[in-house]
$ cat target24.tsv   # TSV, C-alpha atoms
chain	number	residue	atom	x	y	z
E	1	MET	CA	-103.61	-142.13	69.84
E	2	ASP	CA	-105.26	-138.85	70.87
E	3	SER	CA	-107.85	-137.18	68.72
E	4	LEU	CA	-109.88	-134.01	68.56
E	5	THR	CA	-113.08	-133.43	66.59
E	6	VAL	CA	-114.15	-129.87	65.89
E	7	PRO	CA	-116.73	-128.28	63.57
E	8	GLY	CA	-115.34	-127.07	60.23
E	9	ASN	CA	-115.37	-123.35	60.93
E	10	LEU	CA	-112.64	-120.78	61.54
E	11	ASP	CA	-113.38	-120.59	65.26
E	12	SER	CA	-111.94	-124.11	65.51
E	13	LEU	CA	-108.42	-123.12	64.37
E	14	GLN	CA	-107.30	-122.13	67.85
E	15	ALA	CA	-108.38	-125.48	69.33
E	16	ILE	CA	-106.61	-127.33	66.50
E	17	ARG	CA	-103.33	-125.47	67.14
E	18	ASP	CA	-103.60	-125.99	70.89
E	19	PHE	CA	-104.13	-129.71	70.36
E	20	VAL	CA	-101.13	-129.95	68.02
E	21	LEU	CA	-98.87	-127.98	70.37
E	22	ALA	CA	-99.88	-130.18	73.32
E	23	ALA	CA	-99.13	-133.33	71.30
E	24	ALA	CA	-95.76	-131.88	70.24
E	25	GLU	CA	-94.86	-131.02	73.82
E	26	GLU	CA	-95.79	-134.51	74.97
E	27	ALA	CA	-93.62	-135.97	72.20
E	28	GLY	CA	-90.68	-133.82	73.28
E	29	ILE	CA	-90.57	-131.86	70.04
E	30	ASP	CA	-88.52	-128.66	70.34
E	31	GLU	CA	-90.31	-125.32	70.37
E	32	ARG	CA	-89.33	-124.23	66.87
E	33	SER	CA	-90.38	-127.50	65.24
E	34	ALA	CA	-93.59	-127.50	67.28
E	35	TYR	CA	-94.45	-124.00	66.06
E	36	LYS	CA	-93.79	-124.96	62.45
E	37	LEU	CA	-95.92	-128.08	62.82
E	38	SER	CA	-98.77	-126.01	64.26
E	39	LEU	CA	-98.38	-123.56	61.35
E	40	ALA	CA	-98.49	-126.37	58.77
E	41	VAL	CA	-101.61	-127.92	60.31
E	42	ASP	CA	-103.25	-124.49	60.70
E	43	GLU	CA	-102.67	-123.65	57.02
E	44	ILE	CA	-104.21	-126.88	55.75
E	45	ALA	CA	-107.08	-126.74	58.25
E	46	THR	CA	-107.77	-123.17	57.07
E	47	ASN	CA	-107.97	-124.36	53.45
E	48	ILE	CA	-110.31	-127.22	54.43
E	49	ILE	CA	-112.59	-124.83	56.28
E	50	ILE	CA	-112.58	-122.00	53.71
E	51	TYR	CA	-112.43	-123.93	50.43
E	52	GLY	CA	-113.49	-127.48	51.35
E	53	TYR	CA	-116.44	-126.68	53.56
E	54	GLY	CA	-116.78	-123.06	52.42
E	55	GLY	CA	-120.27	-122.00	51.49
E	56	SER	CA	-121.89	-124.93	53.27
E	57	ALA	CA	-124.44	-123.91	55.87
E	58	THR	CA	-123.70	-127.11	57.72
E	59	PRO	CA	-119.98	-127.79	57.36
E	60	GLY	CA	-118.67	-131.18	58.38
E	61	ASP	CA	-116.14	-131.80	61.10
E	62	VAL	CA	-112.36	-131.66	61.10
E	63	VAL	CA	-110.77	-134.56	62.96
E	64	VAL	CA	-107.20	-134.20	64.22
E	65	GLN	CA	-105.27	-137.26	65.32
E	66	ALA	CA	-101.89	-137.33	67.02
E	67	ASP	CA	-99.81	-140.47	67.02
E	68	THR	CA	-96.45	-140.53	68.75
E	69	GLU	CA	-94.06	-143.22	67.61
E	70	ASP	CA	-90.47	-143.98	68.58
E	71	ARG	CA	-88.88	-141.60	66.18
E	72	ARG	CA	-91.65	-139.31	65.07
E	73	LEU	CA	-94.90	-137.54	65.77
E	74	GLN	CA	-97.61	-137.90	63.16
E	75	ILE	CA	-100.60	-135.57	62.94
E	76	VAL	CA	-103.51	-136.47	60.63
E	77	LEU	CA	-106.21	-134.01	59.61
E	78	GLU	CA	-109.36	-135.66	58.26
E	79	ASP	CA	-112.37	-134.02	56.67
E	80	THR	CA	-115.35	-134.98	54.53
E	81	SER	CA	-115.28	-132.05	52.10
E	82	PRO	CA	-114.82	-132.73	48.35
E	83	PRO	CA	-111.48	-134.37	47.47
E	84	PHE	CA	-108.68	-131.82	47.39
E	85	ASP	CA	-105.08	-132.77	46.87
E	86	PRO	CA	-102.83	-129.91	48.03
E	87	PHE	CA	-100.11	-131.25	45.74
E	88	SER	CA	-102.31	-130.66	42.69
E	89	ARG	CA	-101.44	-126.97	42.75
E	90	GLY	CA	-98.03	-125.81	41.66
E	91	GLU	CA	-95.67	-123.80	43.76
E	92	PRO	CA	-96.57	-120.16	44.14
E	93	SER	CA	-94.52	-118.07	41.75
E	94	GLY	CA	-92.81	-114.80	42.42
E	95	LEU	CA	-91.74	-115.39	46.01
E	96	ASP	CA	-89.09	-112.75	45.41
E	97	ALA	CA	-91.52	-110.37	43.72
E	98	PRO	CA	-92.51	-107.16	45.48
E	99	LEU	CA	-95.72	-107.46	47.47
E	100	GLU	CA	-97.64	-105.07	45.25
E	101	GLU	CA	-97.16	-107.44	42.32
E	102	ARG	CA	-98.08	-110.62	44.14
E	103	ALA	CA	-101.02	-112.86	43.52
E	104	ILE	CA	-102.74	-113.66	46.77
E	105	GLY	CA	-102.89	-117.39	47.26
E	106	GLY	CA	-100.95	-120.61	47.38
E	107	LEU	CA	-98.81	-119.47	50.29
E	108	GLY	CA	-100.50	-121.67	52.87
E	109	VAL	CA	-99.73	-124.97	51.13
E	110	TYR	CA	-96.22	-123.72	50.36
E	111	LEU	CA	-95.61	-123.01	54.04
E	112	ALA	CA	-97.16	-126.29	55.13
E	113	LYS	CA	-94.87	-128.34	52.88
E	114	ARG	CA	-91.78	-126.57	54.16
E	115	SER	CA	-92.63	-126.59	57.84
E	116	VAL	CA	-92.62	-130.34	58.56
E	117	ASP	CA	-90.31	-133.26	57.82
E	118	GLU	CA	-92.96	-135.05	55.79
E	119	PHE	CA	-96.32	-134.00	54.35
E	120	ARG	CA	-98.61	-136.32	52.39
E	121	TYR	CA	-102.17	-136.44	51.21
E	122	GLU	CA	-104.53	-139.33	50.58
E	123	TYR	CA	-108.24	-139.72	49.91
E	124	VAL	CA	-109.67	-142.76	51.67
E	125	ASP	CA	-113.27	-143.83	52.23
E	126	GLY	CA	-114.70	-140.44	51.33
E	127	ARG	CA	-112.27	-138.55	53.55
E	128	ASN	CA	-109.39	-136.22	52.79
E	129	ARG	CA	-106.42	-137.18	54.93
E	130	ASN	CA	-103.58	-134.68	55.27
E	131	ILE	CA	-100.65	-136.24	57.10
E	132	PHE	CA	-97.85	-134.31	58.80
E	133	VAL	CA	-94.76	-135.93	60.28
E	134	VAL	CA	-92.10	-134.39	62.51
E	135	ASN	CA	-89.05	-136.39	63.50
E	136	ARG	CA	-88.29	-136.55	67.22
E	137	SER	CA	-84.78	-135.83	68.32
E	138	THR	CA	-83.11	-139.12	69.21
E	139	THR	CA	-81.19	-137.99	72.24
T	1	MET	CA	-104.30	-116.54	72.81
T	2	ALA	CA	-106.81	-114.13	71.37
T	3	PHE	CA	-105.72	-111.73	68.67
T	4	ASP	CA	-105.72	-108.01	69.40
T	5	VAL	CA	-104.92	-105.11	67.12
T	6	SER	CA	-104.73	-101.39	67.85
T	7	THR	CA	-103.93	-98.46	65.61
T	8	GLU	CA	-102.52	-95.04	66.31
T	9	GLN	CA	-101.57	-92.16	64.06
T	10	ALA	CA	-98.51	-90.05	64.76
T	11	GLY	CA	-98.26	-87.40	62.07
T	12	ASP	CA	-97.94	-89.21	58.77
T	13	ILE	CA	-96.95	-92.48	60.45
T	14	ALA	CA	-99.55	-95.13	61.25
T	15	VAL	CA	-98.58	-97.59	63.97
T	16	ILE	CA	-100.50	-100.87	64.11
T	17	THR	CA	-99.75	-103.04	67.13
T	18	LEU	CA	-100.55	-106.75	66.91
T	19	SER	CA	-100.67	-109.27	69.73
T	20	GLY	CA	-101.75	-112.86	70.23
T	21	GLU	CA	-102.37	-115.27	67.38
T	22	LEU	CA	-103.04	-114.05	63.86
T	23	ASP	CA	-104.81	-116.85	62.00
T	24	ALA	CA	-107.43	-116.82	59.24
T	25	ASN	CA	-110.09	-116.16	61.84
T	26	ALA	CA	-108.33	-113.03	63.08
T	27	ALA	CA	-107.13	-111.72	59.70
T	28	GLY	CA	-110.36	-109.75	59.18
T	29	SER	CA	-109.72	-107.45	62.14
T	30	PHE	CA	-106.12	-106.90	61.02
T	31	ARG	CA	-107.41	-106.03	57.56
T	32	SER	CA	-109.92	-103.57	59.03
T	33	ALA	CA	-107.11	-101.92	61.00
T	34	VAL	CA	-105.08	-101.56	57.78
T	35	GLU	CA	-108.07	-100.03	55.98
T	36	GLU	CA	-108.60	-97.61	58.85
T	37	ALA	CA	-104.92	-96.63	58.81
T	38	ALA	CA	-104.92	-96.28	55.02
T	39	ALA	CA	-107.85	-93.87	55.14
T	40	ALA	CA	-105.64	-91.28	56.85
T	41	GLY	CA	-103.13	-91.44	53.99
T	42	PRO	CA	-99.97	-92.20	55.99
T	43	LYS	CA	-96.51	-92.07	54.44
T	44	ARG	CA	-95.24	-94.94	56.57
T	45	VAL	CA	-96.96	-97.86	58.25
T	46	VAL	CA	-95.33	-99.56	61.21
T	47	LEU	CA	-96.48	-103.01	62.32
T	48	VAL	CA	-95.38	-103.72	65.87
T	49	MET	CA	-95.19	-107.50	66.27
T	50	ASP	CA	-93.20	-108.19	69.44
T	51	LYS	CA	-96.30	-109.58	71.17
T	52	LEU	CA	-97.47	-111.54	68.13
T	53	GLN	CA	-97.16	-115.23	68.99
T	54	PHE	CA	-98.41	-116.78	65.77
T	55	MET	CA	-98.91	-115.64	62.20
T	56	ALA	CA	-100.42	-117.75	59.42
T	57	SER	CA	-100.38	-116.93	55.71
T	58	ALA	CA	-103.70	-115.14	56.23
T	59	GLY	CA	-101.64	-112.47	58.01
T	60	LEU	CA	-99.17	-112.30	55.12
T	61	ARG	CA	-102.06	-111.75	52.74
T	62	VAL	CA	-103.07	-108.69	54.75
T	63	LEU	CA	-99.51	-107.35	54.26
T	64	VAL	CA	-99.98	-107.80	50.50
T	65	PHE	CA	-103.33	-106.07	50.80
T	66	ALA	CA	-101.74	-103.19	52.74
T	67	LYS	CA	-99.04	-102.67	50.13
T	68	GLN	CA	-101.53	-102.82	47.28
T	69	LYS	CA	-104.02	-100.57	49.04
T	70	MET	CA	-101.57	-97.86	50.04
T	71	GLY	CA	-99.31	-97.92	47.02
T	72	THR	CA	-95.61	-98.50	46.56
T	73	SER	CA	-94.58	-95.11	47.92
T	74	VAL	CA	-95.75	-96.07	51.42
T	75	ASP	CA	-93.07	-98.00	53.32
T	76	LEU	CA	-94.12	-100.89	55.53
T	77	PHE	CA	-92.04	-101.53	58.66
T	78	VAL	CA	-92.18	-104.72	60.70
T	79	VAL	CA	-90.84	-104.20	64.21
T	80	GLY	CA	-89.79	-106.83	66.74
T	81	ALA	CA	-91.14	-109.95	65.05
T	82	ARG	CA	-90.29	-113.07	67.03
T	83	ASP	CA	-88.06	-115.71	65.45
T	84	ALA	CA	-90.91	-118.02	64.43
T	85	VAL	CA	-92.87	-115.22	62.77
T	86	LEU	CA	-89.70	-113.85	61.21
T	87	GLU	CA	-88.94	-117.25	59.72
T	88	THR	CA	-92.34	-117.31	58.00
T	89	ILE	CA	-91.80	-113.80	56.63
T	90	GLU	CA	-88.41	-114.83	55.27
T	91	MET	CA	-89.55	-118.21	53.91
T	92	THR	CA	-92.10	-116.43	51.74
T	93	GLY	CA	-89.73	-113.68	50.64
T	94	PHE	CA	-91.77	-110.92	52.28
T	95	HIS	CA	-88.66	-109.51	53.94
T	96	HIS	CA	-87.65	-108.12	50.54
T	97	SER	CA	-90.70	-105.87	50.49
T	98	VAL	CA	-90.99	-104.71	54.09
T	99	ILE	CA	-88.38	-103.08	56.29
T	100	MET	CA	-87.52	-105.31	59.21
T	101	MET	CA	-86.46	-103.69	62.50
T	102	ASP	CA	-85.59	-105.30	65.82
T	103	GLU	CA	-86.86	-102.40	67.87
T	104	TYR	CA	-89.03	-99.38	67.32
T	105	ASP	CA	-86.71	-96.58	66.25
T	106	ALA	CA	-88.76	-93.43	65.62
T	107	SER	CA	-85.98	-91.40	64.04
T	108	GLU	CA	-84.93	-94.20	61.70
T	109	ILE	CA	-88.55	-94.67	60.62
T	110	GLU	CA	-89.07	-90.95	60.09
T	111	ASN	CA	-85.87	-90.52	58.13
T	112	TYR	CA	-86.08	-93.67	56.09
$ encode --input "target24.tsv" --output "structure tokens"
Amino acid sequence: MDSLTVPGNLDSLQAIRDFVLAAAEEAGIDERSAYKLSLAVDEIATNIIIYGYGGSATPGDVVVQADTEDRRLQIVLEDTSPPFDPFSRGEPSGLDAPLEERAIGGLGVYLAKRSVDEFRYEYVDGRNRNIFVVNRSTT
Amino acid sequence: MAFDVSTEQAGDIAVITLSGELDANAAGSFRSAVEEAAAAGPKRVVLVMDKLQFMASAGLRVLVFAKQKMGTSVDLFVVGARDAVLETIEMTGFHHSVIMMDEYDASEIENY
């Protein structure tokens, strides 16, 4: 299992995406699924950094783990910010509403959920764990 | 890849060209470019995205900001978005509110 540990600030997003894309390439994930995985991870990492660690002068780290199994690639994002379950918020409303009438927010989690084959959350030993799974093609 | 944004005014059309990766870290400079373009009171705003490799929801929020800042009478065009970026725009329903074009077509934009 590969892992990457970066400080919880927005400058780390690029390194997180690069790590995820490298893991996806190694796992033989196609380009489109790899992009969507990197988007999902980026959205949740952004929320961790802005809302989880936001306002802290000394934010904690974000740990990214990649685990390639026979049939799937699993990416885990871990952080030590206060517990936040992305499933606790409802779906954003008004996705067909004109932009000028839209509330700004909720889109990141919405995109994350729809961009991977499986997305789960757990809180274990004082750590938020966001888990993303992409199935590998079985050819 | 680093995010870059440049703005030019051509009459009452503002053209904002984006390249690289537009994440939450880069959204601030995109937002500043929109504010700068809005200050000139354009009738149309064209976002050229053919060199944009990545766009997170932070980029979508700037599109919302642009529409709210400039008002409903200003049309927003998105030109040349790559498939992956296009998919995000469509998944969130933003394609209903912006005009999507494959290539920059000055006369179509002017006469829209």
$ closest_atom_pairs --input "target24.tsv" --of "chain E" --to "chain T" --cutoff "12 Å" --atoms "all atoms listed in the file" --output "JSON lines"
{"residue": "E:Asn9", "atom": "CA", "partner": "T:Asn25", "partner_atom": "CA", "distance": 9.0}
{"residue": "E:Leu10", "atom": "CA", "partner": "T:Asn25", "partner_atom": "CA", "distance": 5.3}
{"residue": "E:Asp11", "atom": "CA", "partner": "T:Asn25", "partner_atom": "CA", "distance": 6.5}
{"residue": "E:Ser12", "atom": "CA", "partner": "T:Asn25", "partner_atom": "CA", "distance": 8.9}
{"residue": "E:Leu13", "atom": "CA", "partner": "T:Asn25", "partner_atom": "CA", "distance": 7.6}
{"residue": "E:Gln14", "atom": "CA", "partner": "T:Met1", "partner_atom": "CA", "distance": 8.1}
{"residue": "E:Ala15", "atom": "CA", "partner": "T:Met1", "partner_atom": "CA", "distance": 10.4}
{"residue": "E:Ile16", "atom": "CA", "partner": "T:Asp23", "partner_atom": "CA", "distance": 11.5}
{"residue": "E:Arg17", "atom": "CA", "partner": "T:Phe54", "partner_atom": "CA", "distance": 10.1}
{"residue": "E:Asp18", "atom": "CA", "partner": "T:Met1", "partner_atom": "CA", "distance": 9.7}
{"residue": "E:Glu31", "atom": "CA", "partner": "T:Ala84", "partner_atom": "CA", "distance": 9.4}
{"residue": "E:Arg32", "atom": "CA", "partner": "T:Ala84", "partner_atom": "CA", "distance": 6.9}
{"residue": "E:Ser33", "atom": "CA", "partner": "T:Ala84", "partner_atom": "CA", "distance": 9.5}
{"residue": "E:Ala34", "atom": "CA", "partner": "T:Ala84", "partner_atom": "CA", "distance": 10.3}
{"residue": "E:Tyr35", "atom": "CA", "partner": "T:Ala84", "partner_atom": "CA", "distance": 7.1}
{"residue": "E:Lys36", "atom": "CA", "partner": "T:Ala84", "partner_atom": "CA", "distance": 7.8}
{"residue": "E:Leu37", "atom": "CA", "partner": "T:Ala84", "partner_atom": "CA", "distance": 11.4}
{"residue": "E:Ser38", "atom": "CA", "partner": "T:Phe54", "partner_atom": "CA", "distance": 9.4}
{"residue": "E:Leu39", "atom": "CA", "partner": "T:Ala56", "partner_atom": "CA", "distance": 6.5}
{"residue": "E:Ala40", "atom": "CA", "partner": "T:Ala56", "partner_atom": "CA", "distance": 8.9}
{"residue": "E:Val41", "atom": "CA", "partner": "T:Ala56", "partner_atom": "CA", "distance": 10.3}
{"residue": "E:Asp42", "atom": "CA", "partner": "T:Ala56", "partner_atom": "CA", "distance": 7.4}
{"residue": "E:Glu43", "atom": "CA", "partner": "T:Ala56", "partner_atom": "CA", "distance": 6.8}
{"residue": "E:Ile44", "atom": "CA", "partner": "T:Ala56", "partner_atom": "CA", "distance": 10.5}
{"residue": "E:Ala45", "atom": "CA", "partner": "T:Ala24", "partner_atom": "CA", "distance": 10.0}
{"residue": "E:Thr46", "atom": "CA", "partner": "T:Ala24", "partner_atom": "CA", "distance": 6.7}
{"residue": "E:Asn47", "atom": "CA", "partner": "T:Ala24", "partner_atom": "CA", "distance": 9.5}
{"residue": "E:Ile48", "atom": "CA", "partner": "T:Ala24", "partner_atom": "CA", "distance": 11.8}
{"residue": "E:Ile49", "atom": "CA", "partner": "T:Ala24", "partner_atom": "CA", "distance": 10.0}
{"residue": "E:Ile50", "atom": "CA", "partner": "T:Ala24", "partner_atom": "CA", "distance": 9.2}
{"residue": "E:Glu91", "atom": "CA", "partner": "T:Thr92", "partner_atom": "CA", "distance": 11.4}
{"residue": "E:Pro92", "atom": "CA", "partner": "T:Thr92", "partner_atom": "CA", "distance": 9.6}
{"residue": "E:Ser93", "atom": "CA", "partner": "T:Thr92", "partner_atom": "CA", "distance": 10.4}
{"residue": "E:Gly94", "atom": "CA", "partner": "T:Gly93", "partner_atom": "CA", "distance": 8.8}
{"residue": "E:Leu95", "atom": "CA", "partner": "T:Gly93", "partner_atom": "CA", "distance": 5.3}
{"residue": "E:Asp96", "atom": "CA", "partner": "T:Gly93", "partner_atom": "CA", "distance": 5.4}
{"residue": "E:Ala97", "atom": "CA", "partner": "T:Gly93", "partner_atom": "CA", "distance": 7.9}
{"residue": "E:Pro98", "atom": "CA", "partner": "T:Ser97", "partner_atom": "CA", "distance": 5.5}
{"residue": "E:Leu99", "atom": "CA", "partner": "T:Val64", "partner_atom": "CA", "distance": 5.2}
{"residue": "E:Glu100", "atom": "CA", "partner": "T:Gln68", "partner_atom": "CA", "distance": 4.9}
{"residue": "E:Glu101", "atom": "CA", "partner": "T:Gln68", "partner_atom": "CA", "distance": 8.1}
{"residue": "E:Arg102", "atom": "CA", "partner": "T:Val64", "partner_atom": "CA", "distance": 7.2}
{"residue": "E:Ala103", "atom": "CA", "partner": "T:Val64", "partner_atom": "CA", "distance": 8.7}
{"residue": "E:Ile104", "atom": "CA", "partner": "T:Arg61", "partner_atom": "CA", "distance": 6.3}
{"residue": "E:Gly105", "atom": "CA", "partner": "T:Arg61", "partner_atom": "CA", "distance": 7.9}
{"residue": "E:Gly106", "atom": "CA", "partner": "T:Ser57", "partner_atom": "CA", "distance": 9.1}
{"residue": "E:Leu107", "atom": "CA", "partner": "T:Ser57", "partner_atom": "CA", "distance": 6.2}
{"residue": "E:Gly108", "atom": "CA", "partner": "T:Ser57", "partner_atom": "CA", "distance": 5.5}
{"residue": "E:Val109", "atom": "CA", "partner": "T:Ser57", "partner_atom": "CA", "distance": 9.3}
{"residue": "E:Tyr110", "atom": "CA", "partner": "T:Thr92", "partner_atom": "CA", "distance": 8.5}
{"residue": "E:Leu111", "atom": "CA", "partner": "T:Thr88", "partner_atom": "CA", "distance": 7.7}
{"residue": "E:Ala112", "atom": "CA", "partner": "T:Ser57", "partner_atom": "CA", "distance": 9.9}
{"residue": "E:Lys113", "atom": "CA", "partner": "T:Met91", "partner_atom": "CA", "distance": 11.5}
{"residue": "E:Arg114", "atom": "CA", "partner": "T:Met91", "partner_atom": "CA", "distance": 8.7}
{"residue": "E:Ser115", "atom": "CA", "partner": "T:Thr88", "partner_atom": "CA", "distance": 9.3}
$ atom_distance --input "target24.tsv" --atom1 "atom CA of E:Gly126" --atom2 "atom CA of E:Arg71"
29.8 Å
$ atom_distance --input "target24.tsv" --atom1 "atom CA of E:Glu26" --atom2 "atom CA of E:Arg127"
27.3 Å
$ atom_distance --input "target24.tsv" --atom1 "atom CA of T:Met49" --atom2 "atom CA of E:Asp30"
22.6 Å
$ axis_aligned_box --input "target24.tsv" --around "stretch 69-83 of chain T" --padding-each-side "5 Å" --output "lines of an AutoDock Vina configuration file"
center_x = -96.0
center_y = -105.4
center_z = 56.8
size_x = 26.0
size_y = 30.6
size_z = 30.5
$ residues_around --input "target24.tsv" --residues "T:Tyr112" --least-positions-apart "2" --cutoff "10 Å" --atoms "all atoms listed in the file" --output "MDAnalysis selection string"
chainID T and resid 44 75 99 106:110
$ closest_residue --input "target24.tsv" --among "E:Val6, E:Asp85, E:Leu21, E:Gly28" --to "E:Gly60" --atoms "all atoms listed in the file"
E:Val6
$ residues_near_point --input "target24.tsv" --point "(-91.3, -101.3, 65.0)" --cutoff "10 Å" --atoms "all atoms listed in the file" --output "ChimeraX atom specification"
/T:15-17,45-50,76-81,99-106,109
$ closest_residue --input "target24.tsv" --among "E:Pro83, E:Gly90, E:Gly54, E:Pro7" --to "E:Asn128" --atoms "all atoms listed in the file"
E:Pro83
$ closest_residue --input "target24.tsv" --among "T:Thr7, T:Gly20, T:Lys51, T:Ile13" --to "T:Val34" --atoms "only C-alpha atoms"
T:Thr7
$ closest_residue --input "target24.tsv" --among "E:Glu78, E:Ala23, E:Leu73, E:Met1" --to "E:Asp61" --atoms "only C-alpha atoms"
E:Glu78
$ closest_residue --input "target24.tsv" --among "E:Val20, E:Val134, E:Val116, E:Leu4" --to "E:Asp70" --atoms "all atoms listed in the file"
E:Val134
$ decode --input "target24.tsv" --residues "stretch 59-66 of chain T" --atoms "all heavy atoms" --output "compact mmCIF listing (two decimals), in the first residue's frame"
# COMPACT_ATOMS: atom_id res chain seq x y z
N GLY T 59 -14.49 25.77 -9.18
CA GLY T 59 -14.59 26.49 -10.45
C GLY T 59 -16.04 26.74 -10.84
O GLY T 59 -16.38 27.82 -11.33
N LEU T 60 -16.90 25.75 -10.58
CA LEU T 60 -18.33 25.93 -10.85
C LEU T 60 -18.90 27.07 -10.02
O LEU T 60 -19.75 27.84 -10.47
CB LEU T 60 -19.09 24.64 -10.53
CG LEU T 60 -18.78 23.41 -11.40
CD1 LEU T 60 -19.48 22.18 -10.85
CD2 LEU T 60 -19.20 23.66 -12.84
N ARG T 61 -18.42 27.15 -8.77
CA ARG T 61 -18.93 28.22 -7.90
C ARG T 61 -18.57 29.60 -8.44
O ARG T 61 -19.31 30.56 -8.26
CB ARG T 61 -18.43 28.03 -6.47
CG ARG T 61 -19.26 27.01 -5.70
CD ARG T 61 -18.98 27.05 -4.21
NE ARG T 61 -17.70 26.48 -3.92
CZ ARG T 61 -17.47 25.17 -3.80
NH1 ARG T 61 -18.45 24.32 -3.93
NH2 ARG T 61 -16.27 24.71 -3.54
N VAL T 62 -17.43 29.70 -9.12
CA VAL T 62 -17.07 30.99 -9.73
C VAL T 62 -18.03 31.29 -10.90
O VAL T 62 -18.37 32.45 -11.13
CB VAL T 62 -15.60 31.00 -10.18
CG1 VAL T 62 -15.25 32.33 -10.87
CG2 VAL T 62 -14.67 30.78 -8.98
N LEU T 63 -18.48 30.25 -11.61
CA LEU T 63 -19.47 30.48 -12.67
C LEU T 63 -20.78 31.03 -12.09
O LEU T 63 -21.40 31.93 -12.64
CB LEU T 63 -19.77 29.19 -13.44
CG LEU T 63 -18.62 28.52 -14.20
CD1 LEU T 63 -19.16 27.38 -15.06
CD2 LEU T 63 -17.90 29.52 -15.09
N VAL T 64 -21.18 30.47 -10.94
CA VAL T 64 -22.37 30.99 -10.25
C VAL T 64 -22.15 32.44 -9.86
O VAL T 64 -22.99 33.31 -10.09
CB VAL T 64 -22.69 30.15 -8.99
CG1 VAL T 64 -23.82 30.79 -8.18
CG2 VAL T 64 -23.06 28.72 -9.37
N PHE T 65 -20.96 32.68 -9.30
CA PHE T 65 -20.61 34.04 -8.89
C PHE T 65 -20.68 35.00 -10.09
O PHE T 65 -21.22 36.10 -10.00
CB PHE T 65 -19.20 34.03 -8.29
CG PHE T 65 -18.59 35.38 -8.08
CD1 PHE T 65 -19.00 36.18 -7.03
CD2 PHE T 65 -17.61 35.86 -8.95
CE1 PHE T 65 -18.45 37.44 -6.84
CE2 PHE T 65 -17.05 37.11 -8.77
CZ PHE T 65 -17.47 37.90 -7.72
N ALA T 66 -20.14 34.55 -11.23
CA ALA T 66 -20.12 35.39 -12.44
C ALA T 66 -21.53 35.75 -12.86
O ALA T 66 -21.84 36.91 -13.16
CB ALA T 66 -19.39 34.66 -13.57
